[in-house]
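Novice: Structure file work-v3.pdb (PDB, C-alpha atoms, pLDDT in the B column) is given on the next line.
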```pdb
ATOM      1  CA  ALA A   1     -86.769 156.348   8.785  1.00 94.00           C
ATOM      2  CA  PHE A   2     -90.237 157.896   8.672  1.00 96.00           C
ATOM      3  CA  LYS A   3     -91.942 154.566   9.333  1.00 95.00           C
ATOM      4  CA  VAL A   4     -89.652 153.649  12.248  1.00 96.00           C
ATOM      5  CA  GLY A   5     -89.860 157.179  13.692  1.00 95.00           C
ATOM      6  CA  GLN A   6     -93.658 157.085  13.687  1.00 95.00           C
ATOM      7  CA  GLN A   7     -93.652 153.642  15.310  1.00 96.00           C
ATOM      8  CA  LEU A   8     -91.326 154.887  18.062  1.00 96.00           C
ATOM      9  CA  ALA A   9     -93.458 157.981  18.652  1.00 95.00           C
ATOM     10  CA  ASN A  10     -96.568 155.804  18.986  1.00 95.00           C
ATOM     11  CA  PHE A  11     -94.775 153.422  21.367  1.00 96.00           C
ATOM     12  CA  VAL A  12     -93.560 156.243  23.637  1.00 95.00           C
ATOM     13  CA  THR A  13     -97.010 157.882  23.583  1.00 96.00           C
ATOM     14  CA  LYS A  14     -98.627 154.637  24.802  1.00 95.00           C
ATOM     15  CA  MET A  15     -96.130 154.445  27.690  1.00 95.00           C
ATOM     16  CA  ASN A  16     -97.116 157.885  29.036  1.00 94.00           C
ATOM     17  CA  PRO A  17    -100.371 159.036  30.619  1.00 93.00           C
ATOM     18  CA  PRO A  18    -102.724 161.310  28.653  1.00 90.00           C
ATOM     19  CA  PRO A  19    -102.478 164.087  27.498  1.00 92.00           C
ATOM     20  CA  ILE A  20     -98.761 163.446  26.846  1.00 92.00           C
ATOM     21  CA  GLN A  21     -98.250 162.685  23.159  1.00 94.00           C
ATOM     22  CA  LEU A  22     -94.956 162.425  21.304  1.00 94.00           C
ATOM     23  CA  GLN A  23     -95.091 163.666  17.729  1.00 94.00           C
ATOM     24  CA  PHE A  24     -92.677 162.587  15.019  1.00 94.00           C
ATOM     25  CA  GLU A  25     -91.592 165.723  13.171  1.00 95.00           C
ATOM     26  CA  LYS A  26     -88.694 165.271  10.770  1.00 96.00           C
ATOM     27  CA  VAL A  27     -85.653 163.347   9.608  1.00 96.00           C
ATOM     28  CA  TYR A  28     -82.201 164.835   9.111  1.00 96.00           C
ATOM     29  CA  HIS A  29     -80.229 163.145   6.349  1.00 96.00           C
ATOM     30  CA  PRO A  30     -77.362 163.741   6.080  1.00 96.00           C
ATOM     31  CA  CYS A  31     -76.522 165.564   9.277  1.00 96.00           C
ATOM     32  CA  LEU A  32     -73.685 166.599  11.562  1.00 96.00           C
ATOM     33  CA  LEU A  33     -74.145 166.535  15.333  1.00 96.00           C
ATOM     34  CA  LEU A  34     -71.445 168.734  16.828  1.00 94.00           C
ATOM     35  CA  SER A  35     -72.563 168.861  20.469  1.00 95.00           C
ATOM     36  CA  LYS A  36     -75.671 169.464  22.517  1.00 94.00           C
ATOM     37  CA  LYS A  37     -77.828 172.114  20.802  1.00 95.00           C
ATOM     38  CA  ARG A  38     -75.383 172.375  17.875  1.00 96.00           C
ATOM     39  CA  TYR A  39     -76.308 170.492  14.704  1.00 97.00           C
ATOM     40  CA  VAL A  40     -76.871 170.934  10.987  1.00 97.00           C
ATOM     41  CA  GLY A  41     -78.506 168.818   8.309  1.00 97.00           C
ATOM     42  CA  PHE A  42     -80.859 168.467   5.403  1.00 97.00           C
ATOM     43  CA  LYS A  43     -84.370 168.360   6.854  1.00 97.00           C
ATOM     44  CA  TRP A  44     -87.030 166.024   5.418  1.00 97.00           C
ATOM     45  CA  GLU A  45     -90.534 166.518   6.845  1.00 96.00           C
ATOM     46  CA  SER A  46     -92.302 163.882   4.739  1.00 95.00           C
ATOM     47  CA  PRO A  47     -91.206 160.924   2.615  1.00 93.00           C
ATOM     48  CA  ASP A  48     -92.628 162.508  -0.551  1.00 95.00           C
ATOM     49  CA  GLN A  49     -90.925 165.883  -0.074  1.00 96.00           C
ATOM     50  CA  PRO A  50     -89.206 166.708  -3.409  1.00 97.00           C
ATOM     51  CA  SER A  51     -86.007 168.141  -1.922  1.00 96.00           C
ATOM     52  CA  PRO A  52     -84.592 168.680   1.559  1.00 96.00           C
ATOM     53  CA  GLN A  53     -84.331 171.979   3.388  1.00 96.00           C
ATOM     54  CA  PHE A  54     -81.049 173.113   4.972  1.00 97.00           C
ATOM     55  CA  GLU A  55     -81.426 173.611   8.727  1.00 96.00           C
ATOM     56  CA  ALA A  56     -78.749 174.644  11.222  1.00 96.00           C
ATOM     57  CA  LYS A  57     -79.012 175.161  14.966  1.00 95.00           C
ATOM     58  CA  GLY A  58     -76.397 176.742  17.210  1.00 93.00           C
ATOM     59  CA  ILE A  59     -73.535 176.838  14.698  1.00 93.00           C
ATOM     60  CA  GLU A  60     -71.847 179.814  13.039  1.00 89.00           C
ATOM     61  CA  THR A  61     -74.242 179.808  10.063  1.00 88.00           C
ATOM     62  CA  VAL A  62     -77.044 181.052  12.331  1.00 89.00           C
ATOM     63  CA  ARG A  63     -75.107 182.835  15.077  1.00 85.00           C
ATOM     64  CA  ARG A  64     -74.638 186.589  14.874  1.00 84.00           C
ATOM     65  CA  ASP A  65     -71.430 186.849  16.904  1.00 87.00           C
ATOM     66  CA  SER A  66     -69.061 186.040  14.029  1.00 80.00           C
ATOM     67  CA  CYS A  67     -68.158 187.631  10.728  1.00 86.00           C
ATOM     68  CA  GLY A  68     -70.745 187.249   7.939  1.00 88.00           C
ATOM     69  CA  ILE A  69     -68.279 185.661   5.540  1.00 92.00           C
ATOM     70  CA  VAL A  70     -67.639 182.881   8.075  1.00 91.00           C
ATOM     71  CA  ALA A  71     -71.346 182.017   8.088  1.00 92.00           C
ATOM     72  CA  ASP A  72     -71.553 182.075   4.281  1.00 94.00           C
ATOM     73  CA  VAL A  73     -68.445 179.967   3.686  1.00 94.00           C
ATOM     74  CA  LEU A  74     -69.438 177.445   6.360  1.00 94.00           C
ATOM     75  CA  GLU A  75     -72.987 177.071   5.014  1.00 95.00           C
ATOM     76  CA  ASN A  76     -71.767 176.673   1.429  1.00 96.00           C
ATOM     77  CA  SER A  77     -69.126 174.166   2.572  1.00 96.00           C
ATOM     78  CA  ILE A  78     -71.646 172.058   4.463  1.00 96.00           C
ATOM     79  CA  LYS A  79     -74.121 172.098   1.569  1.00 96.00           C
ATOM     80  CA  LEU A  80     -71.369 171.101  -0.870  1.00 96.00           C
ATOM     81  CA  LEU A  81     -70.264 168.239   1.382  1.00 96.00           C
ATOM     82  CA  PHE A  82     -73.839 166.982   1.881  1.00 96.00           C
ATOM     83  CA  GLU A  83     -74.706 167.186  -1.827  1.00 95.00           C
ATOM     84  CA  SER A  84     -71.481 165.781  -3.286  1.00 94.00           C
ATOM     85  CA  LYS A  85     -70.460 163.441  -0.420  1.00 93.00           C
ATOM     86  CA  ASP A  86     -66.927 164.131  -1.618  1.00 93.00           C
ATOM     87  CA  VAL A  87     -64.314 165.728   0.616  1.00 94.00           C
ATOM     88  CA  SER A  88     -62.013 166.497  -2.331  1.00 95.00           C
ATOM     89  CA  SER A  89     -64.651 168.811  -3.872  1.00 93.00           C
ATOM     90  CA  LEU A  90     -64.926 170.565  -0.509  1.00 94.00           C
ATOM     91  CA  LYS A  91     -61.147 170.984  -0.380  1.00 95.00           C
ATOM     92  CA  GLN A  92     -61.204 172.425  -3.879  1.00 95.00           C
ATOM     93  CA  TYR A  93     -63.957 174.919  -2.900  1.00 94.00           C
ATOM     94  CA  LEU A  94     -62.029 176.049   0.172  1.00 93.00           C
ATOM     95  CA  TRP A  95     -58.710 176.282  -1.625  1.00 90.00           C
TER      96      TRP A  95
END
```
Would you mind giving the structure from this file in structure tokens?

Specialist:
Amino acid sequence: AFKVGQQLANFVTKMNPPPIQLQFEKVYHPCLLLSKKRYVGFKWESPDQPSPQFEAKGIETVRRDSCGIVADVLENSIKLLFESKDVSSLKQYLW
């Protein structure tokens, strides 16, 4: 993904006039895309990064207009799902 992403960024940069330059930043794997400006995933910023970083944008884990326990349970649920890739373990956590 890093190799292809960098190739695409270079291709798009060549198609645009200077000083426009597209920079490849990161890969989300796994991730959930809920809608525009609402997504969550494990962020990888380099191929040799030892472990991913959890990043959420626009969902209840980062919003301040809901109860704190909602944010905590949702974040823990998403992390459990991403790490285990097993819906039954998520069901067990939520039960």

Novice: Work out how far apart CA of Pro30 in chain A and CA of Ala1 in chain A are and give it in Å to one decimal.

Specialist: 12.3 Å

Novice: Can you list, as a VMD selection string, the residues that the PyMOL selection byres ((chain A and resi 74) around 12) selects here?

Specialist: chain A and resid 40 56 59 to 63 66 to 73 75 to 81 90 93 to 94

Novice: Take the residues just selected and output them with C-alpha atoms as an mmCIF file, in the frame of the given file.

Specialist:
```cif
data_model
loop_
_atom_site.group_PDB
_atom_site.id
_atom_site.type_symbol
_atom_site.label_atom_id
_atom_site.label_comp_id
_atom_site.auth_asym_id
_atom_site.auth_seq_id
_atom_site.Cartn_x
_atom_site.Cartn_y
_atom_site.Cartn_z
ATOM 1 C CA VAL A 40 -76.871 170.934 10.987
ATOM 2 C CA ALA A 56 -78.749 174.644 11.222
ATOM 3 C CA ILE A 59 -73.535 176.838 14.698
ATOM 4 C CA GLU A 60 -71.847 179.814 13.039
ATOM 5 C CA THR A 61 -74.242 179.808 10.063
ATOM 6 C CA VAL A 62 -77.044 181.052 12.331
ATOM 7 C CA ARG A 63 -75.107 182.835 15.077
ATOM 8 C CA SER A 66 -69.061 186.040 14.029
ATOM 9 C CA CYS A 67 -68.158 187.631 10.728
ATOM 10 C CA GLY A 68 -70.745 187.249 7.939
ATOM 11 C CA ILE A 69 -68.279 185.661 5.540
ATOM 12 C CA VAL A 70 -67.639 182.881 8.075
ATOM 13 C CA ALA A 71 -71.346 182.017 8.088
ATOM 14 C CA ASP A 72 -71.553 182.075 4.281
ATOM 15 C CA VAL A 73 -68.445 179.967 3.686
ATOM 16 C CA GLU A 75 -72.987 177.071 5.014
ATOM 17 C CA ASN A 76 -71.767 176.673 1.429
ATOM 18 C CA SER A 77 -69.126 174.166 2.572
ATOM 19 C CA ILE A 78 -71.646 172.058 4.463
ATOM 20 C CA LYS A 79 -74.121 172.098 1.569
ATOM 21 C CA LEU A 80 -71.369 171.101 -0.870
ATOM 22 C CA LEU A 81 -70.264 168.239 1.382
ATOM 23 C CA LEU A 90 -64.926 170.565 -0.509
ATOM 24 C CA TYR A 93 -63.957 174.919 -2.900
ATOM 25 C CA LEU A 94 -62.029 176.049 0.172
#
```

Novice: For Phe11 in chain A, which of A:Lys91, A:Phe54, A:Phe24, A:His29 is the closest residue, counting only C-alpha atoms?

Specialist: A:Phe24

Novice: To one decimal place, how far is CA of Val27 in chain A from CA of Phe2 in chain A in Å?

Specialist: 7.2 Å

Novice: Taking all atoms listed in the file into account, which of A:Glu83, A:Ser88, A:Leu33, A:Val12 comes nearest Ser51 in chain A?

Specialist: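 Once distances to Ser51 in chain A are computed over all atoms listed in the file, the minimum belongs to A:Glu83.
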
Novice: Separation of CA of Gly41 in chain A and CA of Glu55 in chain A, in Å?

Specialist: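 One can read the CA of Gly41 in chain A to CA of Glu55 in chain A distance as 5.6 Å.
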
Novice: Can you spell out as a list in words the set of residues that the PyMOL selection byres ((chain A and resi 44-49) around 7) selects in the structure I just provided?

Specialist: Phe2, Glu25, Lys26, Val27, Tyr28, Phe42, Lys43, Pro50, Ser51, Pro52 and Gln53 of chain A

Novice: Using only C-alpha atoms, please write the residues we just selected to a file, as a compact mmCIF listing (two decimals), in the frame of the given file.

Specialist:
```txt
# COMPACT_ATOMS: atom_id res chain seq x y z
CA PHE A 2 -90.24 157.90 8.67
CA GLU A 25 -91.59 165.72 13.17
CA LYS A 26 -88.69 165.27 10.77
CA VAL A 27 -85.65 163.35 9.61
CA TYR A 28 -82.20 164.84 9.11
CA PHE A 42 -80.86 168.47 5.40
CA LYS A 43 -84.37 168.36 6.85
CA PRO A 50 -89.21 166.71 -3.41
CA SER A 51 -86.01 168.14 -1.92
CA PRO A 52 -84.59 168.68 1.56
CA GLN A 53 -84.33 171.98 3.39
```

Novice: For this file, the PyMOL selection byres ((chain A and resi 23) around 9) selects which residues, as a list in words?

Specialist: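 Output from the PyMOL selection byres ((chain A and resi 23) around 9), applied to this file: Gln6, Ala9, Asn10, Thr13, Gln21, Leu22, Phe24 and Glu25 of chain A.
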
Novice: Box for range 66-77 of chain A: with edges along x, y and z, all listed atoms inside and 6 Å added on each side, what are the centre and edge lengths in Å to one decimal, as JSON?

Specialist:
```
{"center_x": -70.3, "center_y": 180.9, "center_z": 7.7, "size_x": 17.3, "size_y": 25.5, "size_z": 24.6}
```

Novice: Mind completing range 81-92 of chain A with all heavy atoms? Output as a JSON list (two decimals), keeping the file's coordinate frame, please?

Specialist:
```
[["chain", "number", "residue", "atom", "x", "y", "z"],
["A", 81, "LEU", "N", -70.61, 169.55, 0.84],
["A", 81, "LEU", "CA", -70.26, 168.24, 1.38],
["A", 81, "LEU", "C", -71.47, 167.31, 1.39],
["A", 81, "LEU", "O", -71.38, 166.15, 1.00],
["A", 81, "LEU", "CB", -69.70, 168.38, 2.80],
["A", 81, "LEU", "CG", -69.29, 167.09, 3.49],
["A", 81, "LEU", "CD1", -68.16, 166.41, 2.73],
["A", 81, "LEU", "CD2", -68.89, 167.37, 4.92],
["A", 82, "PHE", "N", -72.62, 167.80, 1.84],
["A", 82, "PHE", "CA", -73.84, 166.98, 1.88],
["A", 82, "PHE", "C", -74.29, 166.56, 0.48],
["A", 82, "PHE", "O", -74.73, 165.44, 0.28],
["A", 82, "PHE", "CB", -74.97, 167.73, 2.57],
["A", 82, "PHE", "CG", -74.85, 167.82, 4.07],
["A", 82, "PHE", "CD1", -75.71, 168.62, 4.78],
["A", 82, "PHE", "CD2", -73.89, 167.10, 4.77],
["A", 82, "PHE", "CE1", -75.63, 168.71, 6.17],
["A", 82, "PHE", "CE2", -73.78, 167.19, 6.15],
["A", 82, "PHE", "CZ", -74.66, 167.99, 6.84],
["A", 83, "GLU", "N", -74.21, 167.48, -0.48],
["A", 83, "GLU", "CA", -74.71, 167.19, -1.83],
["A", 83, "GLU", "C", -73.75, 166.29, -2.62],
["A", 83, "GLU", "O", -74.18, 165.38, -3.31],
["A", 83, "GLU", "CB", -74.97, 168.49, -2.59],
["A", 83, "GLU", "CG", -76.15, 169.26, -2.04],
["A", 83, "GLU", "CD", -76.25, 170.68, -2.56],
["A", 83, "GLU", "OE1", -75.34, 171.13, -3.30],
["A", 83, "GLU", "OE2", -77.24, 171.34, -2.22],
["A", 84, "SER", "N", -72.45, 166.54, -2.49],
["A", 84, "SER", "CA", -71.48, 165.78, -3.29],
["A", 84, "SER", "C", -70.99, 164.52, -2.57],
["A", 84, "SER", "O", -70.56, 163.58, -3.23],
["A", 84, "SER", "CB", -70.28, 166.66, -3.64],
["A", 84, "SER", "OG", -69.52, 166.94, -2.48],
["A", 85, "LYS", "N", -71.01, 164.54, -1.23],
["A", 85, "LYS", "CA", -70.46, 163.44, -0.42],
["A", 85, "LYS", "C", -69.00, 163.17, -0.79],
["A", 85, "LYS", "O", -68.54, 162.03, -0.77],
["A", 85, "LYS", "CB", -71.31, 162.18, -0.57],
["A", 85, "LYS", "CG", -72.72, 162.35, -0.06],
["A", 85, "LYS", "CD", -73.54, 161.12, -0.34],
["A", 85, "LYS", "CE", -74.97, 161.25, 0.14],
["A", 85, "LYS", "NZ", -75.72, 162.36, -0.35],
["A", 86, "ASP", "N", -68.30, 164.24, -1.15],
["A", 86, "ASP", "CA", -66.93, 164.13, -1.62],
["A", 86, "ASP", "C", -66.08, 165.21, -0.94],
["A", 86, "ASP", "O", -66.26, 166.40, -1.20],
["A", 86, "ASP", "CB", -66.89, 164.29, -3.14],
["A", 86, "ASP", "CG", -65.51, 164.17, -3.73],
["A", 86, "ASP", "OD1", -64.63, 163.55, -3.08],
["A", 86, "ASP", "OD2", -65.30, 164.68, -4.84],
["A", 87, "VAL", "N", -65.15, 164.78, -0.11],
["A", 87, "VAL", "CA", -64.31, 165.73, 0.62],
["A", 87, "VAL", "C", -63.36, 166.47, -0.32],
["A", 87, "VAL", "O", -63.04, 167.63, -0.09],
["A", 87, "VAL", "CB", -63.53, 165.01, 1.73],
["A", 87, "VAL", "CG1", -62.59, 165.96, 2.45],
["A", 87, "VAL", "CG2", -64.48, 164.37, 2.73],
["A", 88, "SER", "N", -62.94, 165.83, -1.41],
["A", 88, "SER", "CA", -62.01, 166.50, -2.33],
["A", 88, "SER", "C", -62.68, 167.71, -3.00],
["A", 88, "SER", "O", -62.01, 168.72, -3.24],
["A", 88, "SER", "CB", -61.48, 165.52, -3.38],
["A", 88, "SER", "OG", -62.52, 165.00, -4.15],
["A", 89, "SER", "N", -63.97, 167.64, -3.30],
["A", 89, "SER", "CA", -64.65, 168.81, -3.87],
["A", 89, "SER", "C", -64.77, 169.93, -2.84],
["A", 89, "SER", "O", -64.69, 171.10, -3.17],
["A", 89, "SER", "CB", -66.03, 168.44, -4.41],
["A", 89, "SER", "OG", -66.86, 167.99, -3.38],
["A", 90, "LEU", "N", -64.91, 169.56, -1.59],
["A", 90, "LEU", "CA", -64.93, 170.56, -0.51],
["A", 90, "LEU", "C", -63.56, 171.23, -0.38],
["A", 90, "LEU", "O", -63.46, 172.44, -0.25],
["A", 90, "LEU", "CB", -65.36, 169.92, 0.79],
["A", 90, "LEU", "CG", -65.35, 170.81, 2.03],
["A", 90, "LEU", "CD1", -66.29, 171.99, 1.85],
["A", 90, "LEU", "CD2", -65.73, 170.00, 3.27],
["A", 91, "LYS", "N", -62.51, 170.43, -0.43],
["A", 91, "LYS", "CA", -61.15, 170.98, -0.38],
["A", 91, "LYS", "C", -60.91, 171.95, -1.53],
["A", 91, "LYS", "O", -60.32, 173.00, -1.35],
["A", 91, "LYS", "CB", -60.12, 169.87, -0.43],
["A", 91, "LYS", "CG", -60.01, 169.05, 0.83],
["A", 91, "LYS", "CD", -58.95, 167.98, 0.63],
["A", 91, "LYS", "CE", -58.85, 167.05, 1.79],
["A", 91, "LYS", "NZ", -57.86, 165.97, 1.57],
["A", 92, "GLN", "N", -61.39, 171.58, -2.71],
["A", 92, "GLN", "CA", -61.20, 172.42, -3.88],
["A", 92, "GLN", "C", -61.97, 173.75, -3.70],
["A", 92, "GLN", "O", -61.46, 174.81, -4.06],
["A", 92, "GLN", "CB", -61.70, 171.68, -5.13],
["A", 92, "GLN", "CG", -61.30, 172.34, -6.40],
["A", 92, "GLN", "CD", -61.66, 171.46, -7.60],
["A", 92, "GLN", "OE1", -62.54, 170.62, -7.52],
["A", 92, "GLN", "NE2", -60.96, 171.66, -8.70]]
```
